[in-house]
Amino acid sequence: MLGEAFYNTFKGDYDIRASDIDVNESWLTELDVRNYDAIRQDALKFKPEFIINLAAYTDLEFCENNPDETFLTNTNGAENGARISEEMGSTYVFISTAGIFDGNKDIYNDHDIPSPLSVYGKSKYRAELSIKDICTKYFIFRAGWMMGGGQKDKKFVHKIIKQLIEGKKELYVVNDLKGSPTYTYDFAENTKEMIATKFYGLYNMTCEGGPSRYEVAAEMLKIFDLQNRIELIEVKSDHFSQEYFAPRPESEVLDNLKLKTINLDNMRAWDLSLKEYLEKDWAQIVKEKVS
Ligand SMILES: NC(=O)c1ccc[n+]([C@@H]2O[C@H](COP(=O)([O-])OP(=O)(O)OC[C@H]3O[C@@H](n4cnc5c(N)ncnc54)[C@H](OP(=O)(O)O)[C@@H]3O)[C@@H](O)[C@H]2O)c1
């Protein structure tokens with residue numbers, strides 16, 4: 001999801017070597033972040049000024065069922081990049097998550113102490129700690145509920161769109177989980193601006209606001225002009241406890257306190273960014289497919 005936005009946002013101004021474990025774009029080469037030697041060889045040839053690690057297992061249920069594989073990719077993989085970055089004098093950029101908090105607080109700023117509930121959250125938090133130990137020059141940016149990626153969108157927004165396209169007229173949506181949606185293109189732009197500075201460190205970086213899943217779905221229907229044709233039914237998260245069994249914090253709402261302090265918080269309000277994303281990637285498809 002984020003890779004596509006990063007590639008498009010950076011390609012005009014930087015020489016990029018973009019890789020993934022699954023090569024499904026012409027601009028990608030194959031690399032596995034678990035393979036220290038392969039990444040090191042690649043980096044030694046390319047001599048990057050920045051190494052940006054977007055690779056992770058991001059499916060919380062997969063992570064819950066496969067903790068060893070999750071830590072190997074999300075933590076050891078992140079450490080591999082950090083060590084290589086340090087050896088080469090590069091700046092390391094790592095993407096963390098609001099899922100490192102336990103959700104007992106309403107809103108988390110950059111200074112709150114993480115206490116992850118899920119295997120995914122733990123793997124990302126361990127990676128944060130390692131990067132701080134290994135790297136001299138690093139940025140860690142914490143994203144919230146990711147939205148973006150069009151056909152590669154794996155997350156909540158796409159799950160709602162999929163149901164609309166399948167012809168569902170009633171959608172069950174949880175109202176007891178809230179978070180800060182984070183548009184991939186806003187995130188990539190803000191990353192680009194930040195890495196041009198020397199303000200290294202850890203930052204919350206989400207769109208502004210903290211809606212519930214239900215409020216995001218309601219906003220989507222409004223943007224698609226389907227609010228009078230599709231019924232949203234509010235449920236508690238235990239309604240989906242079989243399907244989504246990984247523990248999720250009640251609140252994943254972040255405040256970009258540090259970015260605001262240095263006047264580099266360009267993240268927009270979540271509903272504005274959602275509108276831009278849906279109009280760019282989905283409105284036409286939904287219009288054609290939803291009768
Ligand atoms: N999605 C969210 O809601 C969210 C929220 C906060 C932070 N983040 C973080 O943002 C970053 C980007 O995630 P995303 O949202 O763009 O999700 P994504 O689309 O799942 O991107 C992660 C990518 O990493 C790849 N990958 C998995 N294992 C790899 C390996 N061993 N070596 C190289 N690549 C590997 C995945 O390939 P496959 O698809 O083939 O597995 C996928 O293309 C991640 O660090 C994630 O933890 C995501």
# chains A, B, ... in the order shown; residues from 1 in each chain; ligands from 1
call {"tool": "residues_around", "arguments": {"residues": "segment 8-11 of chain A", "least_positions_apart": "6", "cutoff": "10 Å", "atoms": "only C-alpha atoms", "output": "PyMOL selection string"}}
result
chain A and resi 17+185-189+191-192
call {"tool": "write_last_selection", "arguments": {"atoms": "N, CA, C and O atoms", "output": "PDB file, in the first residue's frame"}}
result
ATOM      1  N   ARG A  17      15.843   2.745  -5.796  1.00  0.00           N
ATOM      2  CA  ARG A  17      15.897   1.296  -6.034  1.00  0.00           C
ATOM      3  C   ARG A  17      14.838   0.689  -5.134  1.00  0.00           C
ATOM      4  O   ARG A  17      14.987   0.658  -3.912  1.00  0.00           O
ATOM      5  N   TYR A 185      -0.484   8.773   0.554  1.00  0.00           N
ATOM      6  CA  TYR A 185       0.186   9.885  -0.145  1.00  0.00           C
ATOM      7  C   TYR A 185       0.534  11.031   0.805  1.00  0.00           C
ATOM      8  O   TYR A 185       1.593  11.653   0.663  1.00  0.00           O
ATOM      9  N   ASP A 186      -0.316  11.311   1.790  1.00  0.00           N
ATOM     10  CA  ASP A 186       0.028  12.326   2.798  1.00  0.00           C
ATOM     11  C   ASP A 186       1.265  11.875   3.568  1.00  0.00           C
ATOM     12  O   ASP A 186       2.175  12.657   3.853  1.00  0.00           O
ATOM     13  N   PHE A 187       1.267  10.591   3.881  1.00  0.00           N
ATOM     14  CA  PHE A 187       2.360  10.019   4.669  1.00  0.00           C
ATOM     15  C   PHE A 187       3.682  10.080   3.877  1.00  0.00           C
ATOM     16  O   PHE A 187       4.726  10.443   4.421  1.00  0.00           O
ATOM     17  N   ALA A 188       3.610   9.745   2.601  1.00  0.00           N
ATOM     18  CA  ALA A 188       4.819   9.778   1.767  1.00  0.00           C
ATOM     19  C   ALA A 188       5.330  11.218   1.616  1.00  0.00           C
ATOM     20  O   ALA A 188       6.531  11.475   1.717  1.00  0.00           O
ATOM     21  N   GLU A 189       4.409  12.161   1.404  1.00  0.00           N
ATOM     22  CA  GLU A 189       4.812  13.572   1.252  1.00  0.00           C
ATOM     23  C   GLU A 189       5.462  14.080   2.526  1.00  0.00           C
ATOM     24  O   GLU A 189       6.475  14.787   2.489  1.00  0.00           O
ATOM     25  N   THR A 191       6.882  12.342   4.835  1.00  0.00           N
ATOM     26  CA  THR A 191       8.179  11.658   4.996  1.00  0.00           C
ATOM     27  C   THR A 191       9.238  12.367   4.166  1.00  0.00           C
ATOM     28  O   THR A 191      10.354  12.625   4.629  1.00  0.00           O
ATOM     29  N   LYS A 192       8.847  12.694   2.928  1.00  0.00           N
ATOM     30  CA  LYS A 192       9.803  13.349   2.028  1.00  0.00           C
ATOM     31  C   LYS A 192      10.292  14.668   2.629  1.00  0.00           C
ATOM     32  O   LYS A 192      11.480  14.986   2.594  1.00  0.00           O
TER      33      LYS A 192
END
call {"tool": "residues_near_ligand", "arguments": {"ligand": "ligand 1", "cutoff": "6 Å", "atoms": "only C-alpha atoms and all ligand atoms", "output": "ChimeraX atom specification"}}
result
/A:1-3,20-22,31-34,54-58,73,95-97,143-146
call {"tool": "select_by_dssp", "arguments": {"residues": "segment 17-103 of chain A", "states": "strand (DSSP E or B)", "output": "ChimeraX atom specification"}}
result
/A:18-20,28-30,50-53,91-97
call {"tool": "residues_around", "arguments": {"residues": "Pro116 of chain A", "least_positions_apart": "4", "cutoff": "6 Å", "atoms": "only C-alpha atoms", "output": "JSON, numbers by chain"}}
result
{"A": [100, 101, 102, 121, 122]}
call {"tool": "closest_atom_pairs", "arguments": {"of": "segment 199-232 of chain A", "to": "segment 282-290 of chain A", "cutoff": "12 Å", "atoms": "only C-alpha atoms", "output": "JSON lines"}}
result
{"residue": "A:Met220", "atom": "CA", "partner": "A:Ala283", "partner_atom": "CA", "distance": 10.0}
{"residue": "A:Leu221", "atom": "CA", "partner": "A:Val286", "partner_atom": "CA", "distance": 10.6}
{"residue": "A:Lys222", "atom": "CA", "partner": "A:Ala283", "partner_atom": "CA", "distance": 11.4}
{"residue": "A:Ile223", "atom": "CA", "partner": "A:Ala283", "partner_atom": "CA", "distance": 8.3}
{"residue": "A:Phe224", "atom": "CA", "partner": "A:Ala283", "partner_atom": "CA", "distance": 6.4}
{"residue": "A:Asp225", "atom": "CA", "partner": "A:Lys287", "partner_atom": "CA", "distance": 9.4}
{"residue": "A:Leu226", "atom": "CA", "partner": "A:Val290", "partner_atom": "CA", "distance": 9.1}
{"residue": "A:Arg229", "atom": "CA", "partner": "A:Val290", "partner_atom": "CA", "distance": 10.1}
{"residue": "A:Ile230", "atom": "CA", "partner": "A:Val290", "partner_atom": "CA", "distance": 10.3}
call {"tool": "closest_atom_pairs", "arguments": {"of": "segment 4-100 of chain A", "to": "segment 194-211 of chain A", "cutoff": "12 Å", "atoms": "only C-alpha atoms", "output": "tab-separated table"}}
result
residue	atom	partner	partner_atom	distance
A:Phe10	CA	A:Ile195	CA	11.3
A:Asp13	CA	A:Ala196	CA	11.4
A:Tyr14	CA	A:Ala196	CA	11.5
A:Glu49	CA	A:Ile195	CA	10.4
A:Phe50	CA	A:Ile195	CA	8.5
A:Ile51	CA	A:Ile195	CA	10.9
A:Ile52	CA	A:Ile195	CA	10.3
A:Ser90	CA	A:Ile195	CA	11.5
A:Thr91	CA	A:Ile195	CA	8.4
A:Tyr92	CA	A:Ile195	CA	9.5
A:Val93	CA	A:Ile195	CA	8.3
A:Phe94	CA	A:Leu202	CA	9.3
A:Ile95	CA	A:Met205	CA	9.6
A:Ser96	CA	A:Asn204	CA	8.8
A:Thr97	CA	A:Asn204	CA	8.5
A:Ala98	CA	A:Asn204	CA	8.1
A:Gly99	CA	A:Asn204	CA	11.7
A:Ile100	CA	A:Asn204	CA	11.5
call {"tool": "write_last_selection", "arguments": {"atoms": "C-alpha atoms", "output": "CSV table (one decimal), in the first residue's frame"}}
result
chain,number,residue,atom,x,y,z
A,10,PHE,CA,9.9,10.2,-4.5
A,13,ASP,CA,13.4,13.9,-7.0
A,14,TYR,CA,15.4,10.8,-6.1
A,49,GLU,CA,21.6,8.1,1.1
A,50,PHE,CA,18.4,6.8,2.6
A,51,ILE,CA,17.2,3.2,3.3
A,52,ILE,CA,13.4,3.2,3.7
A,90,SER,CA,22.9,6.2,5.4
A,91,THR,CA,19.8,7.5,7.1
A,92,TYR,CA,17.3,4.7,8.0
A,93,VAL,CA,13.6,5.3,7.8
A,94,PHE,CA,11.3,2.8,9.5
A,95,ILE,CA,7.5,2.8,9.5
A,96,SER,CA,5.9,1.9,12.8
A,97,THR,CA,2.3,1.8,14.0
A,98,ALA,CA,-0.2,3.2,16.4
A,99,GLY,CA,-0.8,-0.5,17.3
A,100,ILE,CA,2.2,-0.4,19.7
call {"tool": "closest_residue", "arguments": {"among": "A:Val157, A:Ala269, A:Leu60, A:Ala38", "to": "Leu117 of chain A", "atoms": "only C-alpha atoms"}}
result
A:Leu60
call {"tool": "residues_around", "arguments": {"residues": "Glu219 of chain A", "least_positions_apart": "4", "cutoff": "9 Å", "atoms": "only C-alpha atoms", "output": "list in words"}}
result
Tyr214, Glu215, Ile223, Phe224, Gln227, Asp271, Leu274 and Lys275 of chain A
call {"tool": "atom_distance", "arguments": {"atom1": "atom CA of Lys152 of chain A", "atom2": "atom CA of Cys63 of chain A"}}
result
19.1 Å
call {"tool": "atom_distance", "arguments": {"atom1": "atom CA of Tyr120 of chain A", "atom2": "atom CA of Gln163 of chain A"}}
result
25.8 Å
call {"tool": "select_by_dssp", "arguments": {"residues": "segment 48-226 of chain A", "states": "alpha helix (DSSP H)", "output": "ChimeraX atom specification"}}
result
/A:60-65,67-70,77-88,119-134,156-165,184-195,213-223
call {"tool": "closest_residue", "arguments": {"among": "A:Glu79, A:Glu234, A:Glu166, A:Glu61", "to": "Ile39 of chain A", "atoms": "only C-alpha atoms"}}
result
A:Glu79
call {"tool": "residues_around", "arguments": {"residues": "Glu170 of chain A", "least_positions_apart": "4", "cutoff": "7 Å", "atoms": "only C-alpha atoms", "output": "PDB file with N, CA, C and O atoms, in the first residue's frame"}}
result
ATOM      1  N   ILE A 230     -27.523   2.392   1.326  1.00  0.00           N
ATOM      2  CA  ILE A 230     -26.844   1.320   2.069  1.00  0.00           C
ATOM      3  C   ILE A 230     -27.049   1.575   3.557  1.00  0.00           C
ATOM      4  O   ILE A 230     -26.856   2.693   4.030  1.00  0.00           O
ATOM      5  N   GLU A 231     -27.420   0.507   4.257  1.00  0.00           N
ATOM      6  CA  GLU A 231     -27.636   0.678   5.694  1.00  0.00           C
ATOM      7  C   GLU A 231     -26.383   0.239   6.471  1.00  0.00           C
ATOM      8  O   GLU A 231     -25.839  -0.836   6.231  1.00  0.00           O
ATOM      9  N   LEU A 232     -25.973   1.114   7.367  1.00  0.00           N
ATOM     10  CA  LEU A 232     -24.831   0.772   8.235  1.00  0.00           C
ATOM     11  C   LEU A 232     -25.376   0.315   9.579  1.00  0.00           C
ATOM     12  O   LEU A 232     -26.172   1.020  10.195  1.00  0.00           O
ATOM     13  N   ILE A 233     -24.912  -0.826  10.018  1.00  0.00           N
ATOM     14  CA  ILE A 233     -25.387  -1.341  11.305  1.00  0.00           C
ATOM     15  C   ILE A 233     -24.212  -1.345  12.287  1.00  0.00           C
ATOM     16  O   ILE A 233     -23.177  -1.977  12.025  1.00  0.00           O
TER      17      ILE A 233
END
call {"tool": "residues_around", "arguments": {"residues": "Val235 of chain A", "least_positions_apart": "6", "cutoff": "12 Å", "atoms": "only C-alpha atoms", "output": "list in words"}}
result
Leu171, Tyr172, Val173, Val174, Asn175, Asp176, Leu177, Ser212, Arg213, Tyr214 and Ser241 of chain A
call {"tool": "residues_around", "arguments": {"residues": "segment 108-113 of chain A", "least_positions_apart": "5", "cutoff": "7 Å", "atoms": "only C-alpha atoms", "output": "list in words"}}
result
Tyr203, Asn204, Val253, Leu254, Asp255, Asn256, Leu257 and Lys258 of chain A
call {"tool": "decode", "arguments": {"residues": "segment 244-264 of chain A", "atoms": "N, CA, C and O atoms", "output": "short mmCIF file (atom, residue, chain, number, x, y, z; two decimals), in the first residue's frame"}}
result
data_model
loop_
_atom_site.label_atom_id
_atom_site.label_comp_id
_atom_site.auth_asym_id
_atom_site.auth_seq_id
_atom_site.Cartn_x
_atom_site.Cartn_y
_atom_site.Cartn_z
N TYR A 244 -11.65 -11.62 13.20
CA TYR A 244 -10.58 -10.69 13.61
C TYR A 244 -10.26 -10.95 15.08
O TYR A 244 -10.71 -10.23 15.96
N PHE A 245 -9.50 -12.03 15.31
CA PHE A 245 -9.27 -12.47 16.68
C PHE A 245 -8.03 -11.83 17.32
O PHE A 245 -7.84 -11.95 18.52
N ALA A 246 -7.19 -11.15 16.53
CA ALA A 246 -6.02 -10.51 17.14
C ALA A 246 -6.49 -9.37 18.04
O ALA A 246 -7.43 -8.66 17.69
N PRO A 247 -5.86 -9.20 19.21
CA PRO A 247 -6.29 -8.09 20.08
C PRO A 247 -5.99 -6.74 19.44
O PRO A 247 -4.91 -6.53 18.89
N ARG A 248 -6.99 -5.87 19.49
CA ARG A 248 -6.83 -4.53 18.91
C ARG A 248 -7.10 -3.49 20.00
O ARG A 248 -8.07 -3.63 20.74
N PRO A 249 -6.26 -2.45 20.07
CA PRO A 249 -6.49 -1.40 21.08
C PRO A 249 -7.80 -0.67 20.81
O PRO A 249 -8.15 -0.46 19.63
N GLU A 250 -8.49 -0.29 21.89
CA GLU A 250 -9.73 0.48 21.69
C GLU A 250 -9.45 1.81 21.01
O GLU A 250 -10.23 2.30 20.21
N SER A 251 -8.32 2.41 21.38
CA SER A 251 -7.95 3.65 20.71
C SER A 251 -6.58 3.51 20.07
O SER A 251 -5.62 3.10 20.72
N GLU A 252 -6.53 3.84 18.78
CA GLU A 252 -5.25 3.96 18.07
C GLU A 252 -5.15 5.39 17.53
O GLU A 252 -4.67 5.61 16.43
N VAL A 253 -5.68 6.32 18.34
CA VAL A 253 -5.66 7.73 17.90
C VAL A 253 -4.33 8.35 18.31
O VAL A 253 -3.95 8.28 19.48
N LEU A 254 -3.64 8.92 17.34
CA LEU A 254 -2.34 9.55 17.62
C LEU A 254 -2.43 11.06 17.45
O LEU A 254 -3.16 11.56 16.58
N ASP A 255 -1.65 11.75 18.26
CA ASP A 255 -1.47 13.19 18.12
C ASP A 255 -0.04 13.40 17.61
O ASP A 255 0.91 12.89 18.22
N ASN A 256 0.11 14.15 16.51
CA ASN A 256 1.44 14.38 15.92
C ASN A 256 2.15 15.52 16.66
O ASN A 256 2.58 16.51 16.04
N LEU A 257 2.25 15.38 17.95
CA LEU A 257 2.75 16.48 18.79
C LEU A 257 4.13 16.98 18.34
O LEU A 257 4.36 18.18 18.20
N LYS A 258 5.05 16.04 18.11
CA LYS A 258 6.42 16.47 17.78
C LYS A 258 6.48 17.14 16.41
O LYS A 258 7.18 18.13 16.24
N LEU A 259 5.74 16.61 15.45
CA LEU A 259 5.73 17.25 14.12
C LEU A 259 5.16 18.66 14.22
O LEU A 259 5.66 19.59 13.58
N LYS A 260 4.12 18.81 15.02
CA LYS A 260 3.52 20.14 15.18
C LYS A 260 4.53 21.10 15.80
O LYS A 260 4.64 22.25 15.39
N THR A 261 5.27 20.59 16.77
CA THR A 261 6.22 21.44 17.49
C THR A 261 7.28 22.01 16.54
O THR A 261 7.73 23.13 16.71
N ILE A 262 7.70 21.22 15.55
CA ILE A 262 8.73 21.72 14.62
C ILE A 262 8.09 22.27 13.34
O ILE A 262 8.76 22.51 12.35
N ASN A 263 6.77 22.43 13.38
CA ASN A 263 6.05 23.02 12.25
C ASN A 263 6.17 22.20 10.97
O ASN A 263 6.27 22.75 9.87
N LEU A 264 6.20 20.88 11.11
CA LEU A 264 6.31 20.01 9.94
C LEU A 264 5.21 18.96 9.91
O LEU A 264 5.40 17.86 9.43
#
